[in-house]
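*Asks:* Below is work-v3.tsv; it holds TSV, C-alpha atoms.
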chain	number	residue	atom	x	y	z
H	499	MET	CA	-0.75	21.63	15.90
H	500	LYS	CA	-4.43	21.02	15.05
H	501	LEU	CA	-3.40	18.72	12.23
H	502	LEU	CA	-1.09	16.79	14.54
H	503	LYS	CA	-3.84	16.40	17.13
H	504	ARG	CA	-6.20	15.05	14.47
H	505	LEU	CA	-3.59	12.54	13.34
H	506	LEU	CA	-2.82	11.41	16.89
H	507	LYS	CA	-6.50	10.68	17.53
H	508	ASP	CA	-6.28	7.88	14.97
H	509	ARG	CA	-4.22	5.02	16.40
H	510	LEU	CA	-3.15	3.70	13.03
H	511	ALA	CA	-2.12	7.18	11.89
H	512	ALA	CA	-0.21	7.77	15.13
H	513	ALA	CA	1.63	4.46	14.78
H	514	SER	CA	2.42	5.19	11.13
H	515	LEU	CA	3.70	8.65	12.01
H	516	ALA	CA	5.90	7.14	14.72
H	517	VAL	CA	7.36	4.60	12.27
H	518	VAL	CA	8.10	7.25	9.62
H	519	ALA	CA	9.57	9.71	12.13
H	520	ALA	CA	11.72	7.02	13.76
H	521	THR	CA	12.97	5.86	10.37
H	522	LEU	CA	13.94	9.39	9.36
H	523	LEU	CA	15.73	10.05	12.65
H	524	ILE	CA	17.62	6.75	12.58
H	525	GLY	CA	18.71	7.37	9.01
H	526	LEU	CA	19.74	10.94	9.74
H	527	PHE	CA	21.85	9.89	12.72
H	528	ALA	CA	22.95	6.53	11.31
H	529	PRO	CA	26.52	6.69	12.72
H	530	LEU	CA	25.06	6.88	16.24
H	531	PHE	CA	22.74	3.89	15.83
H	532	ALA	CA	24.81	1.57	13.62
H	533	PRO	CA	26.92	-0.83	15.75
H	534	HIS	CA	29.55	-1.31	13.00
H	535	PRO	CA	30.75	0.45	9.84
H	536	PRO	CA	28.42	-0.62	7.01
H	537	ASN	CA	31.20	-1.54	4.57
H	538	GLU	CA	33.53	-3.28	7.03
H	539	ALA	CA	34.17	-6.76	5.58
H	540	ASN	CA	35.26	-9.71	7.71
H	541	MET	CA	35.46	-12.97	5.76
H	542	GLU	CA	35.82	-14.94	8.98
H	543	LEU	CA	32.22	-13.98	9.79
H	544	ARG	CA	30.89	-14.81	6.34
H	545	PHE	CA	27.21	-15.84	6.65
H	546	ALA	CA	27.53	-15.80	10.44
H	547	GLY	CA	24.31	-16.10	12.40
H	548	VAL	CA	22.74	-13.80	14.97
H	549	SER	CA	25.00	-12.86	17.89
H	550	TRP	CA	25.30	-10.19	20.58
H	551	SER	CA	27.70	-8.21	18.37
H	552	TYR	CA	25.73	-8.72	15.17
H	553	TRP	CA	22.02	-8.71	15.97
H	554	LEU	CA	20.94	-9.61	12.42
H	555	GLY	CA	24.00	-11.64	11.45
H	556	ASN	CA	26.45	-11.06	8.59
H	557	ASP	CA	26.23	-11.18	4.81
H	558	HIS	CA	28.40	-12.89	2.19
H	559	LEU	CA	31.29	-10.53	2.92
H	560	GLY	CA	30.97	-10.66	6.69
H	561	ARG	CA	29.43	-7.20	6.89
H	562	CYS	CA	26.95	-6.30	9.62
H	563	ILE	CA	23.42	-6.58	8.22
H	564	LEU	CA	21.93	-4.30	10.88
H	565	SER	CA	24.44	-1.53	10.15
H	566	ARG	CA	23.83	-1.78	6.42
H	567	LEU	CA	20.08	-1.75	7.05
H	568	ILE	CA	20.41	1.46	9.08
H	569	TYR	CA	22.67	3.17	6.54
H	570	GLY	CA	20.34	1.98	3.79
H	571	ILE	CA	17.70	4.38	5.11
H	572	ARG	CA	19.64	7.29	3.65
H	573	PRO	CA	19.35	6.46	-0.07
H	574	SER	CA	16.08	4.53	0.26
H	575	VAL	CA	14.19	7.13	2.31
H	576	LEU	CA	16.09	10.36	3.00
H	577	TRP	CA	17.39	11.01	-0.51
H	578	VAL	CA	14.04	9.96	-1.97
H	579	LEU	CA	12.40	12.52	0.33
H	580	ALA	CA	14.82	15.18	-0.96
H	581	ALA	CA	13.99	14.34	-4.58
H	582	LEU	CA	10.29	14.42	-3.74
H	583	GLY	CA	10.70	17.86	-2.19
H	584	ALA	CA	12.50	19.16	-5.29
H	585	ALA	CA	9.83	17.76	-7.62
H	586	ALA	CA	7.02	19.11	-5.43
H	587	CYS	CA	8.53	22.62	-5.25
H	588	PHE	CA	9.20	22.81	-8.98
H	589	GLY	CA	5.85	21.35	-9.99
H	590	ALA	CA	3.91	23.42	-7.45
H	591	ALA	CA	5.58	26.64	-8.66
H	592	LEU	CA	4.61	25.91	-12.27
H	593	GLY	CA	1.14	24.86	-11.16
H	594	PHE	CA	0.67	28.14	-9.29
H	595	VAL	CA	1.75	30.14	-12.34
H	596	ALA	CA	-0.48	28.17	-14.73
H	597	GLY	CA	-3.53	28.19	-12.47
H	598	TYR	CA	-3.31	31.84	-11.49
H	599	PHE	CA	-2.36	33.58	-14.75
H	600	ARG	CA	-3.98	31.07	-17.14
H	601	GLY	CA	-4.09	32.10	-20.78
H	602	ARG	CA	-1.15	31.22	-23.01
H	603	ILE	CA	1.14	30.36	-20.09
H	604	ASP	CA	-1.38	27.82	-18.80
H	605	ALA	CA	-1.84	26.29	-22.26
H	606	ILE	CA	1.89	25.85	-22.86
H	607	LEU	CA	2.64	24.42	-19.41
H	608	MET	CA	-0.30	22.04	-19.52
H	609	ARG	CA	0.67	20.70	-22.94
H	610	VAL	CA	4.13	19.98	-21.57
H	611	CYS	CA	2.54	18.24	-18.57
H	612	ASP	CA	0.32	16.20	-20.88
H	613	ALA	CA	3.37	15.08	-22.83
H	614	MET	CA	5.18	14.08	-19.62
H	615	LEU	CA	2.18	12.29	-18.12
H	616	SER	CA	1.45	10.37	-21.31
H	617	PHE	CA	4.41	8.07	-20.62
H	618	PRO	CA	4.28	5.41	-17.89
H	619	GLY	CA	6.27	6.72	-14.94
H	620	TYR	CA	8.18	3.55	-14.09
H	621	VAL	CA	9.06	2.86	-17.73
H	622	MET	CA	10.33	6.41	-18.26
H	623	THR	CA	12.36	6.21	-15.06
H	624	LEU	CA	13.97	3.04	-16.38
H	625	ALA	CA	14.64	4.77	-19.69
H	626	ILE	CA	16.27	7.80	-18.07
H	627	VAL	CA	18.42	5.64	-15.81
H	628	GLY	CA	19.33	3.46	-18.79
H	629	MET	CA	20.47	6.50	-20.78
H	630	LEU	CA	22.30	8.28	-17.96
H	631	GLY	CA	23.64	5.15	-16.25
H	632	ALA	CA	23.08	3.52	-12.89
H	633	GLY	CA	23.60	5.51	-9.73
H	634	LEU	CA	21.75	7.37	-7.00
H	635	ALA	CA	22.10	10.80	-8.61
H	636	ASN	CA	20.61	9.63	-11.90
H	637	ILE	CA	17.68	7.93	-10.18
H	638	LEU	CA	16.89	11.05	-8.16
H	639	LEU	CA	17.12	13.15	-11.32
H	640	ALA	CA	14.71	10.76	-13.04
H	641	PHE	CA	12.28	11.10	-10.13
H	642	VAL	CA	12.32	14.90	-10.36
H	643	VAL	CA	11.87	14.83	-14.15
H	644	MET	CA	8.93	12.42	-14.00
H	645	LYS	CA	7.12	13.68	-10.88
H	646	TRP	CA	6.99	17.46	-11.34
H	647	ALA	CA	4.28	17.29	-14.04
H	648	TRP	CA	1.97	15.38	-11.71
H	649	PHE	CA	2.32	18.04	-9.01
H	650	ALA	CA	1.91	20.86	-11.53
H	651	ARG	CA	-1.32	19.39	-12.92
H	652	VAL	CA	-2.98	18.84	-9.55
H	653	ILE	CA	-1.85	22.12	-7.99
H	654	ARG	CA	-2.97	24.04	-11.07
H	655	THR	CA	-6.49	22.64	-10.65
H	656	ALA	CA	-6.56	23.59	-6.97
H	657	VAL	CA	-5.24	27.10	-7.63
H	658	MET	CA	-7.88	27.71	-10.31
H	659	GLN	CA	-10.58	27.01	-7.72
H	660	TYR	CA	-9.15	29.42	-5.15
H	661	ALA	CA	-8.19	32.11	-7.69
H	662	ASP	CA	-11.88	32.80	-8.38
H	663	ALA	CA	-12.77	33.20	-4.70
H	664	ASP	CA	-14.27	36.49	-3.53
H	665	TYR	CA	-11.45	37.28	-1.09
H	666	VAL	CA	-8.92	36.96	-3.93
H	667	LYS	CA	-10.93	39.34	-6.11
H	668	PHE	CA	-11.20	41.76	-3.19
H	669	ALA	CA	-7.41	41.63	-2.71
H	670	LYS	CA	-6.94	42.49	-6.38
H	671	VAL	CA	-9.27	45.45	-6.05
H	672	LEU	CA	-7.25	46.71	-3.08
H	673	GLY	CA	-4.15	46.69	-5.28
H	674	MET	CA	-2.31	43.72	-3.80
H	675	GLY	CA	0.32	42.28	-6.16
H	676	HIS	CA	0.11	38.87	-7.78
H	677	PHE	CA	2.93	37.41	-5.69
H	678	GLY	CA	1.36	38.70	-2.48
H	679	ILE	CA	-2.01	37.21	-3.37
H	680	MET	CA	-0.50	33.81	-4.15
H	681	ARG	CA	1.62	33.86	-1.00
H	682	ARG	CA	-1.02	35.07	1.47
H	683	HIS	CA	-4.33	33.82	0.08
H	684	ILE	CA	-3.82	30.94	-2.34
H	685	ALA	CA	-0.74	29.10	-1.07
H	686	PRO	CA	-2.14	28.35	2.44
H	687	ALA	CA	-5.30	26.91	0.88
H	688	ALA	CA	-3.35	24.80	-1.66
H	689	LEU	CA	-0.74	23.47	0.77
H	690	PRO	CA	-2.99	20.60	1.97
H	691	GLU	CA	-3.26	19.41	-1.62
H	692	ILE	CA	0.53	19.39	-1.93
H	693	ALA	CA	0.91	17.50	1.36
H	694	VAL	CA	-1.54	14.77	0.36
H	695	ILE	CA	-0.05	14.31	-3.11
H	696	ALA	CA	3.51	14.27	-1.79
H	697	SER	CA	2.73	11.72	0.92
H	698	SER	CA	1.03	9.41	-1.56
H	699	ALA	CA	3.96	9.66	-4.00
H	700	PHE	CA	6.56	9.04	-1.28
H	701	GLY	CA	5.76	5.35	-0.88
H	702	SER	CA	5.80	4.64	-4.61
H	703	MET	CA	9.17	6.36	-4.99
H	704	ILE	CA	10.66	4.22	-2.21
H	705	LEU	CA	9.43	1.11	-4.01
H	706	GLN	CA	10.85	2.36	-7.31
H	707	ILE	CA	14.36	3.06	-6.03
H	708	SER	CA	14.41	-0.28	-4.21
H	709	GLY	CA	13.20	-2.06	-7.34
H	710	LEU	CA	15.83	-0.37	-9.52
H	711	SER	CA	18.57	-1.27	-7.06
H	712	PHE	CA	17.32	-4.85	-6.98
H	713	LEU	CA	17.61	-4.93	-10.79
H	714	GLY	CA	21.15	-3.57	-10.62
H	715	LEU	CA	20.24	-0.11	-11.95
H	716	GLY	CA	20.26	1.75	-8.65
H	717	ILE	CA	22.78	2.22	-5.88
H	718	GLU	CA	26.18	0.83	-6.75
H	719	ALA	CA	28.23	-1.38	-4.44
H	720	PRO	CA	29.55	-1.17	-1.79
H	721	HIS	CA	27.05	1.48	-0.64
H	722	ALA	CA	24.19	0.13	1.46
H	723	GLU	CA	20.65	0.24	0.09
H	724	TRP	CA	17.67	-1.98	0.82
H	725	GLY	CA	17.00	-3.08	-2.75
H	726	MET	CA	20.67	-3.80	-3.38
H	727	MET	CA	20.85	-5.82	-0.15
H	728	MET	CA	18.06	-8.00	-1.49
H	729	ASN	CA	19.88	-8.30	-4.81
H	730	GLU	CA	23.08	-9.41	-3.06
H	731	ALA	CA	21.17	-12.04	-1.06
H	732	ARG	CA	19.34	-13.37	-4.12
H	733	SER	CA	21.95	-16.07	-4.78
H	734	VAL	CA	21.40	-17.60	-1.31
H	735	MET	CA	17.70	-16.88	-0.96
H	736	PHE	CA	16.84	-20.57	-0.48
H	737	THR	CA	19.69	-21.46	1.86
H	738	ARG	CA	19.81	-18.16	3.81
H	739	PRO	CA	16.39	-16.53	3.36
H	740	GLU	CA	16.89	-14.30	6.41
H	741	LEU	CA	19.35	-12.17	4.42
H	742	MET	CA	16.49	-11.02	2.20
H	743	LEU	CA	13.99	-10.90	5.05
H	744	ALA	CA	15.49	-7.88	6.88
H	745	PRO	CA	15.53	-5.38	3.98
H	746	GLY	CA	12.25	-6.77	2.61
H	747	LEU	CA	10.46	-6.22	5.92
H	748	ALA	CA	11.99	-2.75	6.21
H	749	ILE	CA	10.60	-1.79	2.79
H	750	ILE	CA	7.17	-3.22	3.63
H	751	ALA	CA	7.03	-1.49	7.03
H	752	VAL	CA	8.08	1.95	5.80
H	753	VAL	CA	5.94	1.94	2.64
H	754	SER	CA	2.89	0.68	4.56
H	755	ALA	CA	3.38	3.37	7.22
H	756	VAL	CA	3.68	6.06	4.55
H	757	ASN	CA	0.51	4.88	2.80
H	758	PHE	CA	-1.49	4.71	6.04
H	759	LEU	CA	-0.21	8.15	7.00
H	760	SER	CA	-1.18	9.51	3.60
H	761	ASP	CA	-4.76	8.27	4.00
H	762	ALA	CA	-4.99	9.71	7.52
H	763	LEU	CA	-3.52	13.01	6.35
H	764	GLN	CA	-6.10	13.26	3.61
H	765	LYS	CA	-8.92	12.66	6.09
H	766	ALA	CA	-7.48	15.16	8.57
H	767	LEU	CA	-7.14	17.88	5.92
H	768	ASP	CA	-10.54	17.23	4.32
H	769	PRO	CA	-13.39	17.50	6.87
H	770	LYS	CA	-15.85	16.00	4.38
H	771	LEU	CA	-14.01	12.66	4.44
H	772	ALA	CA	-13.96	12.63	8.23
H	773	VAL	CA	-17.70	13.36	8.40
H	774	SER	CA	-18.49	10.72	5.81
H	775	GLY	CA	-16.35	8.24	7.70
H	776	LYS	CA	-18.22	8.98	10.91
H	777	ARG	CA	-21.58	8.61	9.16
H	778	THR	CA	-20.48	5.28	7.71
H	779	SER	CA	-19.34	4.01	11.09
H	780	VAL	CA	-22.58	5.18	12.75
H	781	PHE	CA	-24.66	3.56	10.01
H	782	ALA	CA	-22.69	0.32	10.32
H	783	GLY	CA	-23.09	0.42	14.09
H	784	GLY	CA	-26.85	0.86	13.74
H	785	ILE	CA	-27.06	-2.13	11.43
H	786	LYS	CA	-25.09	-4.27	13.88
H	787	ARG	CA	-27.32	-3.26	16.79
H	788	GLY	CA	-30.43	-4.01	14.70
H	789	LEU	CA	-29.14	-7.46	13.84
H	790	ARG	CA	-28.34	-8.16	17.48
H	791	LYS	CA	-31.89	-7.19	18.51
H	792	LYS	CA	-33.36	-9.50	15.86
H	793	GLU	CA	-31.15	-12.36	17.03
H	794	ALA	CA	-32.19	-11.74	20.63
H	795	ALA	CA	-35.86	-11.70	19.62
Turn this file's structure into structure tokens for me.

*Replies:*
Amino acid sequence: MKLLKRLLKDRLAAASLAVVAATLLIGLFAPLFAPHPPNEANMELRFAGVSWSYWLGNDHLGRCILSRLIYGIRPSVLWVLAALGAAACFGAALGFVAGYFRGRIDAILMRVCDAMLSFPGYVMTLAIVGMLGAGLANILLAFVVMKWAWFARVIRTAVMQYADADYVKFAKVLGMGHFGIMRRHIAPAALPEIAVIASSAFGSMILQISGLSFLGLGIEAPHAEWGMMMNEARSVMFTRPELMLAPGLAIIAVVSAVNFLSDALQKALDPKLAVSGKRTSVFAGGIKRGLRKKEAA
């Protein structure tokens, strides 16, 4: 609740949180919000304009653009969030083990992470999808394979800092087990790190799945997805640019909201950033007041 109150104090963070939450809810309950079935084709309404029945018009097959935009939230956002959760859990578990026990386990896991992180993420995602074939399941698998090492590396560094704390040493002296120490003393302190990393990776993963679908390597027709909707409208982008405008604006809005929320979350979880931000704003305000006094003089 304290974290939520801190986020709501920032107007930009509150607006971003509202956009992300509304997007997730609309995608989760897409059948309730979509006015038409997303794959219902009606060639009589091919490239039809905006109407009371079709608020964003129809595409090249007469399908409702608004309904496909709503159903496109599921692969573009919800399934990406599920893959992010899987990668974060797997990477965080390995990071906890490496940072807490160290020694040979840490050396082996970190060498594997170094090998995974040495390859460009987007290129390796393309390679995995190219080997396994196009499709949502293969893209999500590629995300998990490529993202877990990043989480493991960062969480391992955070756990190493907290593992040397005095309260952890005192718990060991009292005879508390390793799992209990990690669960009660280290995990609550490392969770903010996981939240910040996951929120920053969320936006890039949305862009990646949309980009792969736009290239024809992502979601297969006739399923709705924002990147694929832009790919389908590419042939008429000069005559009917509004067909690309709706999914493009949806991607921009959601990714921007996620990035703004990530920055606000980092400030809310790290008091040092909030204090430095206040000092900067006070310093800037003092400079402005000094300039105004000079101008008045």

*Asks:* Find the distance between atom CA of Ala519 of chain H and atom CA of Pro533 of chain H and write it in Å to one decimal.

*Replies:* 20.6 Å

*Asks:* Could you state the separation of atom CA of Phe641 of chain H and atom CA of Val756 of chain H in Å, given to one decimal place?

*Replies:* 17.7 Å

*Asks:* Report the distance between atom CA of Ser754 of chain H and atom CA of Phe700 of chain H in Å, rounded to one decimal place.

*Replies:*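 Going from atom CA of Ser754 of chain H over to atom CA of Phe700 of chain H covers 10.8 Å.
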
*Asks:* Show which residues sit within 6 Å of segment 581-585 of chain H, as a list in words. Count all atoms listed in the file, and ignore same-chain residues fewer than 4 positions away.

*Replies:*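 The neighbour list is Gly589, Leu638, Val642, Lys645 and Trp646 of chain H.
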
*Asks:* Could you give me, as a list in words, the residues within 9 Å of Leu710 of chain H, counting all atoms listed in the file and dropping anything in the same chain fewer than 6 positions from it?

*Replies:*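 The residues that qualify are Leu624, Ala632, Ile637, Gly716, Ile717, Gly725 and Met726 of chain H.
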
*Asks:* Give the centre and edge lengths of an axis-aligned box, in Å to one decimal, that holds all listed atoms of segment 656-663 of chain H with 5 Å on each side, as lines of an AutoDock Vina configuration file.

*Replies:*
center_x = -9.0
center_y = 28.4
center_z = -7.5
size_x = 17.5
size_y = 19.6
size_z = 15.6

*Asks:* Choose the residue, out of H:Glu723, H:Ala532, H:Leu506, H:Ala590, that has the smallest atom-to-atom separation from Ile704 of chain H; count all atoms listed in the file.

*Replies:* H:Glu723

*Asks:* In terms of the shortest atom-to-atom distance over only C-alpha atoms, which of H:Ala696, H:Ala688, H:Ala751, H:Leu615 is closest to Arg651 of chain H?

*Replies:*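 Residue with the minimum atom-to-atom distance to Arg651 of chain H: H:Leu615.
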
*Asks:* Restricting the calculation to all atoms listed in the file, which member of H:Gln706, H:Ser697, H:Ser733, H:Ser616 is positioned closest to Gln764 of chain H?

*Replies:*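 Smallest distance to Gln764 of chain H is found for H:Ser697.
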
*Asks:* Using only C-alpha atoms, find the one residue out of H:Gly570, H:Pro686, H:Pro535, H:Gly701 that sits nearest to Tyr660 of chain H.

*Replies:* H:Pro686

*Asks:* List the spatial neighbours of Ile679 of chain H as number ranges by chain - criterion: any atom at most 12 Å away, all atoms listed in the file, same-chain residues fewer than 6 positions off excluded.

*Replies:* H: 594, 598-599, 657, 660-663, 665-673, 685-687

*Asks:* Hey, what's within 9 Å of segment 605-608 of chain H if we count all atoms listed in the file and toss same-chain stuff fewer than 5 positions away? As a ChimeraX atom specification, please?

*Replies:* /H:592-593,596,600,613,647,650-651

*Asks:* Counting all atoms listed in the file, which residue out of H:Pro720, H:Gly631, H:Pro745, H:Gly675 sits closest to Leu564 of chain H?

*Replies:*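 Of H:Pro720, H:Gly631, H:Pro745, H:Gly675, the one nearest Leu564 of chain H is H:Pro745, counting all atoms listed in the file.
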
*Asks:* For a cut-off of 12 Å around (20.0, 5.1, 11.1), file coordinates, pick out all residues using all atoms listed in the file and list them as a VMD selection string.

*Replies:* chain H and resid 519 to 536 564 to 576 722

*Asks:* Would you mind exporting the chosen residues as a compact mmCIF listing (two decimals), in the coordinates of the input, restricted to C-alpha atoms?

*Replies:*
# COMPACT_ATOMS: atom_id res chain seq x y z
CA ALA H 519 9.57 9.71 12.13
CA ALA H 520 11.72 7.02 13.76
CA THR H 521 12.97 5.86 10.37
CA LEU H 522 13.94 9.39 9.36
CA LEU H 523 15.73 10.05 12.65
CA ILE H 524 17.62 6.75 12.58
CA GLY H 525 18.71 7.37 9.01
CA LEU H 526 19.74 10.94 9.74
CA PHE H 527 21.85 9.89 12.72
CA ALA H 528 22.95 6.53 11.31
CA PRO H 529 26.52 6.69 12.72
CA LEU H 530 25.06 6.88 16.24
CA PHE H 531 22.74 3.89 15.83
CA ALA H 532 24.81 1.57 13.62
CA PRO H 533 26.92 -0.83 15.75
CA HIS H 534 29.55 -1.31 13.00
CA PRO H 535 30.75 0.45 9.84
CA PRO H 536 28.42 -0.62 7.01
CA LEU H 564 21.93 -4.30 10.88
CA SER H 565 24.44 -1.53 10.15
CA ARG H 566 23.83 -1.78 6.42
CA LEU H 567 20.08 -1.75 7.05
CA ILE H 568 20.41 1.46 9.08
CA TYR H 569 22.67 3.17 6.54
CA GLY H 570 20.34 1.98 3.79
CA ILE H 571 17.70 4.38 5.11
CA ARG H 572 19.64 7.29 3.65
CA PRO H 573 19.35 6.46 -0.07
CA SER H 574 16.08 4.53 0.26
CA VAL H 575 14.19 7.13 2.31
CA LEU H 576 16.09 10.36 3.00
CA ALA H 722 24.19 0.13 1.46
